[in-house]
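Novice: This is the structure I want to talk about, given as structure tokens.
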Amino acid sequence: NEYKSYLRMLDTDVDMEIEKKDGEETMDTQEEDEPNKSSGSLTWTLDLSEFNDTTFSPPLYVRNLPWRIMCIPRSSNSAGSERKPTLGFFLQCNPIDVQGTNNSWSCYARATLSLIHRDSSELDFHRRINHFFFAKENDWGYSNFILMEDLKDKSKGFIKDNKVTLKIEVTADAPHGVHWDSKKYTGYVGLKNQGATCYMNSVLQTLYFTSQLRKAVYKMPTEGDDVNKSVALALQRVFYELQTSDCAVATKKLTKSFGWEALDSFMQHDVQEFCRVLLDHMENKMKGTCVEGTIPKLLEGKVCSYISCMNVDYESKRSESFFDIQLNIKGKQTVIESFKDYITPEILDGDNKYDAGHYGLQEAKKGTKFQKFPPVLYLQLMRFQYDPLMDMNVKINDRYEFPETLDLTEFVEDANSDREIFSLFAVLVHSGDNHGGHYVAYITPELNGKWFKFDDDVVSKSNRVEAIDNNFGGSEEESLNVRHCTNAYMLVYIKQSLKDEVLVKITDDDIPHNLKMFFEEEKKEEALRRKEKQEAHLYMNVEAVMDSSFQGYQGNDLLSWETARPLVYRIKKESSVAELEEMISTNTGYPVDGIRLWIFQSRANSTTRPAPMEGEHDKTIWEIAEKDTPLRIFLETISTEVPPEPLPPYKKDNQIIIFLKYFNIMEGTMYYLQHVFLSRNSCISDVFDVARKKLSLDPSIPLALYEEVHAGRTDELTPTKLLCEMEEVFDGDIWVIQRTDNVGTNPYSNVDDYFRDLNNRVTVTFCDKNNPNDPGFNVKLNQKMTYNEVAEIVAECLQTEATLLQFFKPQSHRDIAGYAIKSHFEGTLKDLFMSYGQRAKAPKKLFYLKLNIAIQELESKDHFRCTWLNKHREETVLSLYVSRNVTIAELLEEAKKQIELKPNGSGKLRLLEVYSYRIHRVFSNDVSYHTIQPSMAQQTTCYRVEEIPVEETTLGATDFLIPVAHFHQTIFQCFNHPFLFKVTEGETLQSVKGRMVDRFKDIPEKEFEKYKFTLITHGRMNPLGDDFVFNSSDFITNIDMDSKPINEAHLDVFLHSRPWLGLEHALKPPKRSRYNYVEKPVKIHNQ
């Protein structure tokens, strides 16, 4: 879709003249009848006597797609004239019958539509098109190709025997979304696009074909690396699959190793930036190995930066490394021009003279000289540049030529060195604009002039014109046969003298054996997983538990399947019970006749109990499971004694299997004993003998017996009854035995008490309200507990007092604290959870807050939330609890308990109301707290406590305070902390600025000088000069001046309606992203 989106806007149906250049190269010779050829032509005769409806020609196969002539009888629709019949001539591509085609297929093609003249080819009528064909736009051409009257006019020379000849000449790119065997047609494979990773695919293909680098990547030691996080291993895998695979290679494991999330794969990045980050990462990985230094050896060049004085003998030089060169293309025509511009020195004169030490300021030349070019030279063409007029990055599509052979000898500082001649190896092309687009790579792998186009998963043969000439860029008028916004963005050259070394031949033998074995084994495992996934619907899981699985379980039933660790068997649904038994026997080591299977069946009372599988052996596992998965079974086995005892006989009609538990009443814990088989004529008390033997109990100890019916119900059984006398007894029933002699202090009086308490148990997580990242701690509580009982337990865990804790309910839509729970809550813990609609099975959570005062005292006070502006001008939130009848002075005294004052400050505080980064009110100390609307204060942090500056603690008769706020461009874009500032009647702005600089010493003086001072009156901005004189009448209304002196005129009034002093900041807006607003820097998070 990415490929489709950027090309759709480029479609045009204008006539285009395509001239074949002298000496133009062609593809490798292909047979005319090969369906995968890149171009072809079809000539077809249309019989006009039968032309009444849409008519199609036979197909012409180009790039494995069927291209047809489509003719439609149409009529002209010219305004103001009679409608006349016309011939609609279209090129259609509809690969509905092509193998592997889906609705997302696409193919870009250029074509010439021709009407053939009977006498001379020079008189043929041509019209040309280019179009991005896909399922919903599979035809393109001209509705009014020619008037029918002109077509039938014999003097025009197109018709004979009422027939005309039409011709199409099609040149198409390799298609996407259809079966295209890149390996078969080119010998190479592509890389799959994850969404917007075409930029990465282009870089990876270029690095892969740099053979010496690929060889070094194979040799990086990755044994023992984390398969999911090792970037080196993931890159080795991509290179290995590119070399050995027959189909396009996936890169998801590579991006996963980067630490990227799924969204990162849909975010396009810059090619040069990604290349640089990846190579830096690989260089670090190679350090300390046998391939250390490979990347610098291939890609590192040297450049000398110098400053040379023009009038004195003084020069400063510094040698630096580079791995790519960024060439300015704006106003340049060729690569050589850009290199000349790169080394052209800058003259430092006038105010920009160079400080040459003891020579003083001198006129100088500042420039760069190349000392050494690397064997592999990366050139980034700076097509994206910031346009100050548009205030955004724009793409420069100007024509810019680059040669196939590049001689850079003249640019090397040492003239005696070998000639620096390079051959073009790769062209990375960008199509689109600064908001996005698509990358492809043209590469000549063997540097022999044979070019290939690597377009994500599709690889096709290309030629010099497509790879080089068509990517110079330029306007549509300059290059009609090339899309306007498609041009080279990065060039890769290889030094001719080092070609054989850089492009060394690599065979499968060059891949380390252990690496090949690892990847081949990985492929087998993935193939097996795919097969299992494909056949998953044929299999089901069987979960088996034994007596040992019941040990230690304290709850209802025999076990909790959520916490149990059963033996899991993957078996075909159509398997028989015998096959399941054989599988279990092989896995456990028990003989087949030494195991017996019992199926866990659900009962009407919502419990599950083992039931016999007798008589089910003729059914399949899927039928036994009643088409539900997993099938859960109890596995009865022979004893592990030597020799082992055989399984006890079981007769369904005369025996019942009972599972026995023992409740230790002194410890309050439950123990699983064993399962027993009882005949229907046996006495219930027979199980006591089993328990006494198992627990080594004296026969004189009295025992009681209970049946665990379901959660919340336990019935006591009469031991003297016979089994057949019981009303309801079934296979799998659970009986619990306990002692009845009261020894010591017991937490429970009987089994029934234990289970009642168990069913009311709940695990509650308590989290610190003030710590968003607190995982909390878990406490097991009884749902019948009251608020005070819960508070006592939690206080013990936190080592504090219960009265110094406050609890909060969680919010229903977010995992943060909500409303506070009153300490006089009268319900139980269960009522508390139900009161805010928490689901019964949902995890229980409460938030707590440690207090400095008792909760009862806190609840009798108001909660006043405000901010404290400290000495570093940083805001912190204060939570104050005060009585409603206090004054502002008492409120500020309470605030002093939570803040740290400056050691040399005034020690006096004041309360301000701040809204939209402007001061609205200043409260005097004797104002009553309830007059400032505390309910509003609970909802927003618009009240600020600050320490009064020393110079403002005593105001003279002619001193007054003015509100000051920061803004950018307009007064509606205020920001930062507003403040009050003391001025004196008749004081100038220059004087005020001087004192303001002294007060805010953390602001650099040069930065402060950029501020523009403005007087804002009733929304109007009046810029102020340094000679402006401050008068109280400009800031204080006459009414306020009549009611109080000017040094108190700022108190208890609404300052937002008064004039105020604005500090306008010259903030430079951030540059817009090259591609889109969500682009982020390329980062590889893992090592």
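Starting from 1 in every chain, residues are counted up; chains themselves are A, B, ... following the order of the structure tokens, and ligands are numbered from 1 as listed.
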For the helix (DSSP H, G or I) assignment from backbone DSSP, which residues of region 756-935 of chain A qualify? Please present them as a ChimeraX atom specification.

Specialist: /A:756-760,787-798,802-804,829-835,855-859,888-896,929-932,934-935

Novice: Write out, as a tab-separated table (two decimals), in the first residue's frame, the residues just selected, with N, CA and C atoms.

Specialist:
chain	number	residue	atom	x	y	z
A	756	ARG	N	-16.21	-21.90	55.46
A	756	ARG	CA	-16.93	-20.61	55.44
A	756	ARG	C	-15.92	-19.46	55.41
A	757	ASP	N	-14.89	-19.58	56.23
A	757	ASP	CA	-13.85	-18.54	56.22
A	757	ASP	C	-13.11	-18.53	54.89
A	758	LEU	N	-12.86	-19.71	54.35
A	758	LEU	CA	-12.14	-19.81	53.09
A	758	LEU	C	-12.91	-19.11	51.96
A	759	ASN	N	-14.21	-19.29	51.93
A	759	ASN	CA	-15.01	-18.71	50.87
A	759	ASN	C	-15.16	-17.20	51.01
A	760	ASN	N	-14.84	-16.67	52.17
A	760	ASN	CA	-14.90	-15.22	52.38
A	760	ASN	C	-13.53	-14.56	52.27
A	787	TYR	N	-14.23	-1.74	58.43
A	787	TYR	CA	-13.19	-0.76	58.07
A	787	TYR	C	-12.07	-0.77	59.10
A	788	ASN	N	-12.42	-0.75	60.38
A	788	ASN	CA	-11.40	-0.67	61.44
A	788	ASN	C	-10.52	-1.92	61.46
A	789	GLU	N	-11.11	-3.10	61.23
A	789	GLU	CA	-10.33	-4.32	61.23
A	789	GLU	C	-9.33	-4.33	60.06
A	790	VAL	N	-9.78	-3.87	58.88
A	790	VAL	CA	-8.88	-3.79	57.74
A	790	VAL	C	-7.76	-2.80	58.01
A	791	ALA	N	-8.10	-1.64	58.58
A	791	ALA	CA	-7.11	-0.61	58.86
A	791	ALA	C	-6.04	-1.12	59.83
A	792	GLU	N	-6.44	-1.90	60.82
A	792	GLU	CA	-5.48	-2.43	61.79
A	792	GLU	C	-4.48	-3.36	61.12
A	793	ILE	N	-4.97	-4.23	60.22
A	793	ILE	CA	-4.08	-5.19	59.55
A	793	ILE	C	-3.11	-4.46	58.62
A	794	VAL	N	-3.61	-3.51	57.84
A	794	VAL	CA	-2.75	-2.78	56.91
A	794	VAL	C	-1.75	-1.93	57.67
A	795	ALA	N	-2.17	-1.32	58.77
A	795	ALA	CA	-1.26	-0.51	59.58
A	795	ALA	C	-0.11	-1.36	60.12
A	796	GLU	N	-0.40	-2.60	60.48
A	796	GLU	CA	0.65	-3.49	60.97
A	796	GLU	C	1.66	-3.79	59.86
A	797	CYS	N	1.16	-3.95	58.62
A	797	CYS	CA	2.06	-4.20	57.49
A	797	CYS	C	2.93	-2.98	57.21
A	798	LEU	N	2.39	-1.78	57.39
A	798	LEU	CA	3.12	-0.55	57.09
A	798	LEU	C	3.85	0.00	58.31
A	802	ALA	N	-3.28	2.74	62.77
A	802	ALA	CA	-4.45	2.65	61.91
A	802	ALA	C	-5.10	4.00	61.70
A	803	THR	N	-5.04	4.86	62.69
A	803	THR	CA	-5.67	6.19	62.58
A	803	THR	C	-4.88	7.13	61.69
A	804	LEU	N	-3.66	6.74	61.31
A	804	LEU	CA	-2.83	7.59	60.44
A	804	LEU	C	-2.84	7.10	59.00
A	829	LEU	N	-16.08	-5.29	54.15
A	829	LEU	CA	-15.17	-5.16	53.02
A	829	LEU	C	-15.88	-5.56	51.72
A	830	LYS	N	-16.74	-6.55	51.79
A	830	LYS	CA	-17.50	-6.97	50.62
A	830	LYS	C	-18.43	-5.85	50.15
A	831	ASP	N	-19.08	-5.19	51.10
A	831	ASP	CA	-19.95	-4.06	50.75
A	831	ASP	C	-19.15	-2.94	50.10
A	832	LEU	N	-17.93	-2.77	50.58
A	832	LEU	CA	-17.09	-1.70	50.04
A	832	LEU	C	-16.78	-1.94	48.57
A	833	PHE	N	-16.40	-3.17	48.22
A	833	PHE	CA	-16.08	-3.46	46.83
A	833	PHE	C	-17.32	-3.40	45.95
A	834	MET	N	-18.44	-3.81	46.49
A	834	MET	CA	-19.68	-3.77	45.71
A	834	MET	C	-20.16	-2.35	45.50
A	835	SER	N	-19.79	-1.45	46.40
A	835	SER	CA	-20.29	-0.06	46.32
A	835	SER	C	-19.73	0.70	45.14
A	855	ILE	N	-7.03	10.31	61.05
A	855	ILE	CA	-7.99	10.34	59.95
A	855	ILE	C	-9.27	11.04	60.36
A	856	GLN	N	-9.70	10.88	61.62
A	856	GLN	CA	-10.93	11.52	62.08
A	856	GLN	C	-10.77	13.04	62.07
A	857	GLU	N	-9.60	13.52	62.48
A	857	GLU	CA	-9.35	14.96	62.45
A	857	GLU	C	-9.26	15.47	61.02
A	858	LEU	N	-8.64	14.67	60.14
A	858	LEU	CA	-8.52	15.09	58.74
A	858	LEU	C	-9.88	15.21	58.08
A	859	GLU	N	-10.78	14.26	58.37
A	859	GLU	CA	-12.09	14.29	57.73
A	859	GLU	C	-12.95	15.43	58.22
A	888	ILE	N	-6.22	33.22	55.84
A	888	ILE	CA	-5.14	32.90	54.90
A	888	ILE	C	-3.81	32.81	55.66
A	889	ALA	N	-3.63	33.64	56.68
A	889	ALA	CA	-2.40	33.60	57.47
A	889	ALA	C	-2.21	32.23	58.10
A	890	GLU	N	-3.30	31.67	58.67
A	890	GLU	CA	-3.22	30.34	59.28
A	890	GLU	C	-3.00	29.27	58.21
A	891	LEU	N	-3.60	29.45	57.05
A	891	LEU	CA	-3.38	28.51	55.94
A	891	LEU	C	-1.91	28.49	55.54
A	892	LEU	N	-1.28	29.66	55.48
A	892	LEU	CA	0.13	29.75	55.09
A	892	LEU	C	1.03	29.16	56.17
A	893	GLU	N	0.65	29.30	57.43
A	893	GLU	CA	1.42	28.68	58.50
A	893	GLU	C	1.40	27.16	58.37
A	894	GLU	N	0.25	26.60	57.95
A	894	GLU	CA	0.16	25.16	57.72
A	894	GLU	C	1.04	24.75	56.56
A	895	ALA	N	1.13	25.61	55.54
A	895	ALA	CA	1.97	25.30	54.38
A	895	ALA	C	3.44	25.28	54.76
A	896	LYS	N	3.86	26.12	55.70
A	896	LYS	CA	5.27	26.18	56.11
A	896	LYS	C	5.77	24.84	56.65
A	929	TYR	N	-10.58	31.93	54.87
A	929	TYR	CA	-10.31	30.86	53.90
A	929	TYR	C	-11.55	30.50	53.08
A	930	HIS	N	-12.74	30.49	53.70
A	930	HIS	CA	-13.92	30.01	53.00
A	930	HIS	C	-14.36	30.94	51.87
A	931	THR	N	-13.80	32.17	51.81
A	931	THR	CA	-14.18	33.11	50.76
A	931	THR	C	-13.46	32.82	49.44
A	932	ILE	N	-12.47	31.92	49.43
A	932	ILE	CA	-11.73	31.68	48.17
A	932	ILE	C	-12.20	30.41	47.46
A	934	PRO	N	-13.03	26.95	48.29
A	934	PRO	CA	-12.17	25.77	48.38
A	934	PRO	C	-12.62	24.61	47.50
A	935	SER	N	-13.93	24.56	47.14
A	935	SER	CA	-14.37	23.47	46.27
A	935	SER	C	-13.68	23.53	44.92

Novice: Need the shell around Glu947 (chain A): protein/DNA/RNA residues with any atom at most 9 Å away, counting only C-alpha atoms. Skip same-chain ones fewer than 3 positions apart. Format as an mmCIF file with all heavy atoms, in the first residue's frame?

Specialist:
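Dumped everything to result.cif:
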data_model
loop_
_atom_site.group_PDB
_atom_site.id
_atom_site.type_symbol
_atom_site.label_atom_id
_atom_site.label_comp_id
_atom_site.auth_asym_id
_atom_site.auth_seq_id
_atom_site.Cartn_x
_atom_site.Cartn_y
_atom_site.Cartn_z
ATOM 1 N N TRP A 868 3.566 24.938 45.347
ATOM 2 C CA TRP A 868 4.610 25.712 46.018
ATOM 3 C C TRP A 868 5.711 25.994 45.011
ATOM 4 O O TRP A 868 6.235 25.084 44.365
ATOM 5 C CB TRP A 868 5.160 24.937 47.215
ATOM 6 C CG TRP A 868 6.544 25.340 47.679
ATOM 7 C CD1 TRP A 868 7.663 24.589 47.642
ATOM 8 C CD2 TRP A 868 6.929 26.594 48.253
ATOM 9 N NE1 TRP A 868 8.729 25.275 48.150
ATOM 10 C CE2 TRP A 868 8.308 26.530 48.534
ATOM 11 C CE3 TRP A 868 6.235 27.769 48.553
ATOM 12 C CZ2 TRP A 868 9.019 27.571 49.102
ATOM 13 C CZ3 TRP A 868 6.941 28.817 49.119
ATOM 14 C CH2 TRP A 868 8.313 28.721 49.387
ATOM 15 N N LEU A 869 6.037 27.266 44.821
ATOM 16 C CA LEU A 869 7.099 27.671 43.915
ATOM 17 C C LEU A 869 8.368 27.867 44.738
ATOM 18 O O LEU A 869 8.500 28.838 45.491
ATOM 19 C CB LEU A 869 6.714 28.977 43.196
ATOM 20 C CG LEU A 869 7.596 29.374 42.004
ATOM 21 C CD1 LEU A 869 7.504 28.331 40.913
ATOM 22 C CD2 LEU A 869 7.182 30.738 41.466
ATOM 23 N N ASN A 870 9.334 26.928 44.586
ATOM 24 C CA ASN A 870 10.522 26.960 45.426
ATOM 25 C C ASN A 870 11.576 27.924 44.891
ATOM 26 O O ASN A 870 11.364 28.630 43.902
ATOM 27 C CB ASN A 870 11.099 25.546 45.593
ATOM 28 C CG ASN A 870 11.523 24.927 44.260
ATOM 29 O OD1 ASN A 870 11.802 25.632 43.291
ATOM 30 N ND2 ASN A 870 11.583 23.601 44.227
ATOM 31 N N LYS A 871 12.753 27.912 45.533
ATOM 32 C CA LYS A 871 13.816 28.846 45.173
ATOM 33 C C LYS A 871 14.368 28.596 43.781
ATOM 34 O O LYS A 871 14.980 29.486 43.184
ATOM 35 C CB LYS A 871 14.939 28.776 46.208
ATOM 36 C CG LYS A 871 15.576 27.392 46.337
ATOM 37 C CD LYS A 871 16.614 27.378 47.440
ATOM 38 C CE LYS A 871 17.220 25.982 47.602
ATOM 39 N NZ LYS A 871 18.225 25.952 48.692
ATOM 40 N N LEU A 901 12.206 26.836 53.189
ATOM 41 C CA LEU A 901 12.391 28.238 52.821
ATOM 42 C C LEU A 901 13.868 28.543 52.586
ATOM 43 O O LEU A 901 14.757 27.813 53.043
ATOM 44 C CB LEU A 901 11.849 29.150 53.934
ATOM 45 C CG LEU A 901 10.351 29.024 54.233
ATOM 46 C CD1 LEU A 901 9.967 29.857 55.453
ATOM 47 C CD2 LEU A 901 9.533 29.452 53.027
ATOM 48 N N LYS A 902 14.115 29.615 51.856
ATOM 49 C CA LYS A 902 15.488 30.043 51.624
ATOM 50 C C LYS A 902 16.132 30.447 52.952
ATOM 51 O O LYS A 902 15.485 31.078 53.796
ATOM 52 C CB LYS A 902 15.519 31.238 50.666
ATOM 53 C CG LYS A 902 14.957 30.973 49.281
ATOM 54 C CD LYS A 902 14.996 32.251 48.442
ATOM 55 C CE LYS A 902 14.353 32.054 47.089
ATOM 56 N NZ LYS A 902 14.328 33.302 46.299
ATOM 57 N N GLY A 905 16.047 34.206 53.026
ATOM 58 C CA GLY A 905 14.829 34.800 52.491
ATOM 59 C C GLY A 905 14.060 35.559 53.549
ATOM 60 O O GLY A 905 14.465 35.661 54.721
ATOM 61 N N SER A 906 12.895 36.043 53.150
ATOM 62 C CA SER A 906 12.075 36.837 54.067
ATOM 63 C C SER A 906 11.351 35.967 55.078
ATOM 64 O O SER A 906 10.983 36.443 56.155
ATOM 65 C CB SER A 906 11.053 37.651 53.269
ATOM 66 O OG SER A 906 10.120 36.781 52.627
ATOM 67 N N GLY A 907 11.088 34.695 54.731
ATOM 68 C CA GLY A 907 10.353 33.815 55.627
ATOM 69 C C GLY A 907 8.865 34.063 55.604
ATOM 70 O O GLY A 907 8.111 33.414 56.331
ATOM 71 N N LYS A 908 8.404 34.986 54.784
ATOM 72 C CA LYS A 908 6.976 35.319 54.700
ATOM 73 C C LYS A 908 6.402 34.748 53.405
ATOM 74 O O LYS A 908 7.057 34.758 52.365
ATOM 75 C CB LYS A 908 6.778 36.832 54.737
ATOM 76 C CG LYS A 908 7.253 37.485 56.041
ATOM 77 C CD LYS A 908 7.005 38.991 56.016
ATOM 78 C CE LYS A 908 7.456 39.632 57.320
ATOM 79 N NZ LYS A 908 7.216 41.115 57.315
ATOM 80 N N LEU A 909 5.179 34.247 53.496
ATOM 81 C CA LEU A 909 4.518 33.633 52.353
ATOM 82 C C LEU A 909 3.307 34.456 51.927
ATOM 83 O O LEU A 909 2.762 35.251 52.698
ATOM 84 C CB LEU A 909 4.062 32.210 52.690
ATOM 85 C CG LEU A 909 5.115 31.224 53.190
ATOM 86 C CD1 LEU A 909 4.481 29.865 53.464
ATOM 87 C CD2 LEU A 909 6.246 31.087 52.189
ATOM 88 N N ARG A 910 2.884 34.216 50.677
ATOM 89 C CA ARG A 910 1.629 34.811 50.204
ATOM 90 C C ARG A 910 0.946 33.805 49.277
ATOM 91 O O ARG A 910 1.594 32.908 48.728
ATOM 92 C CB ARG A 910 1.865 36.133 49.482
ATOM 93 C CG ARG A 910 2.693 36.049 48.210
ATOM 94 C CD ARG A 910 2.947 37.441 47.666
ATOM 95 N NE ARG A 910 3.923 37.434 46.564
ATOM 96 C CZ ARG A 910 4.652 38.481 46.216
ATOM 97 N NH1 ARG A 910 4.537 39.648 46.871
ATOM 98 N NH2 ARG A 910 5.505 38.405 45.207
ATOM 99 N N VAL A 950 12.497 39.586 49.615
ATOM 100 C CA VAL A 950 12.853 40.492 50.723
ATOM 101 C C VAL A 950 12.518 41.925 50.377
ATOM 102 O O VAL A 950 11.976 42.679 51.214
ATOM 103 C CB VAL A 950 14.360 40.346 51.049
ATOM 104 C CG1 VAL A 950 14.770 41.355 52.124
ATOM 105 C CG2 VAL A 950 14.678 38.923 51.505
#

Novice: Can you pull out the residues contacting Gly187 (chain A)? Cut-off 9 Å, using only C-alpha atoms, and skip same-chain residues under 5 positions away; I want them as JSON, numbers by chain.

Specialist: {"A": [182, 246, 459]}

Novice: Can I get the selected residues back with C-alpha atoms, as a CSV table (one decimal), in the first residue's frame?

Specialist:
chain,number,residue,atom,x,y,z
A,182,SER,CA,12.8,-13.0,-8.3
A,246,ASP,CA,14.5,-18.8,-2.9
A,459,VAL,CA,13.8,-7.9,-7.7

Novice: Just the residues within 7 Å of Val545 (chain A), please, counting only C-alpha atoms, with nothing from its chain fewer than 2 positions along; format it as a PyMOL selection string.

Specialist: chain A and resi 543+549+566-567+633-635

Novice: Give me a file of those residues, with all heavy atoms, as a tab-separated table (two decimals), in the first residue's frame.

Specialist:
chain	number	residue	atom	x	y	z
A	543	GLU	N	-5.06	-32.71	29.86
A	543	GLU	CA	-4.34	-32.36	31.09
A	543	GLU	C	-4.60	-33.43	32.13
A	543	GLU	O	-5.77	-33.71	32.49
A	543	GLU	CB	-4.80	-30.99	31.59
A	543	GLU	CG	-4.47	-29.86	30.62
A	543	GLU	CD	-4.93	-28.50	31.12
A	543	GLU	OE1	-5.57	-28.45	32.20
A	543	GLU	OE2	-4.67	-27.50	30.44
A	549	SER	N	-0.69	-34.24	42.80
A	549	SER	CA	-1.13	-32.90	42.42
A	549	SER	C	-2.06	-32.28	43.45
A	549	SER	O	-2.26	-31.06	43.46
A	549	SER	CB	-1.84	-32.94	41.06
A	549	SER	OG	-1.03	-33.53	40.07
A	566	PRO	N	-0.43	-29.59	35.63
A	566	PRO	CA	-0.76	-30.93	35.13
A	566	PRO	C	0.21	-31.39	34.05
A	566	PRO	O	0.96	-30.59	33.48
A	566	PRO	CB	-2.16	-30.74	34.56
A	566	PRO	CG	-2.18	-29.31	34.12
A	566	PRO	CD	-1.34	-28.56	35.12
A	567	LEU	N	0.21	-32.68	33.79
A	567	LEU	CA	0.91	-33.23	32.64
A	567	LEU	C	0.05	-32.95	31.41
A	567	LEU	O	-1.14	-33.27	31.39
A	567	LEU	CB	1.13	-34.73	32.79
A	567	LEU	CG	1.92	-35.17	34.03
A	567	LEU	CD1	1.90	-36.70	34.15
A	567	LEU	CD2	3.34	-34.66	33.96
A	633	ILE	N	-8.19	-35.07	33.17
A	633	ILE	CA	-8.35	-36.41	33.70
A	633	ILE	C	-7.53	-36.58	34.97
A	633	ILE	O	-6.55	-35.87	35.20
A	633	ILE	CB	-7.92	-37.48	32.67
A	633	ILE	CG1	-6.44	-37.29	32.30
A	633	ILE	CG2	-8.81	-37.43	31.43
A	633	ILE	CD1	-5.90	-38.41	31.41
A	634	PHE	N	-7.98	-37.53	35.82
A	634	PHE	CA	-7.20	-37.98	36.98
A	634	PHE	C	-6.53	-39.28	36.59
A	634	PHE	O	-7.18	-40.22	36.10
A	634	PHE	CB	-8.11	-38.17	38.18
A	634	PHE	CG	-7.46	-38.92	39.31
A	634	PHE	CD1	-6.34	-38.41	39.95
A	634	PHE	CD2	-7.96	-40.15	39.73
A	634	PHE	CE1	-5.72	-39.11	40.98
A	634	PHE	CE2	-7.37	-40.85	40.76
A	634	PHE	CZ	-6.25	-40.33	41.39
A	635	LEU	N	-5.22	-39.32	36.77
A	635	LEU	CA	-4.43	-40.48	36.37
A	635	LEU	C	-4.13	-41.32	37.61
A	635	LEU	O	-3.34	-40.93	38.47
A	635	LEU	CB	-3.14	-40.01	35.70
A	635	LEU	CG	-2.15	-41.08	35.27
A	635	LEU	CD1	-2.79	-42.03	34.26
A	635	LEU	CD2	-0.90	-40.44	34.69

Novice: Region 500-688 of chain A: which residues are strand (DSSP E or B) by DSSP, as an MDAnalysis selection string?

Specialist: chainID A and resid 539:545 567:572 576 595:602 608:612 620 631:637 655:664 669:679 683
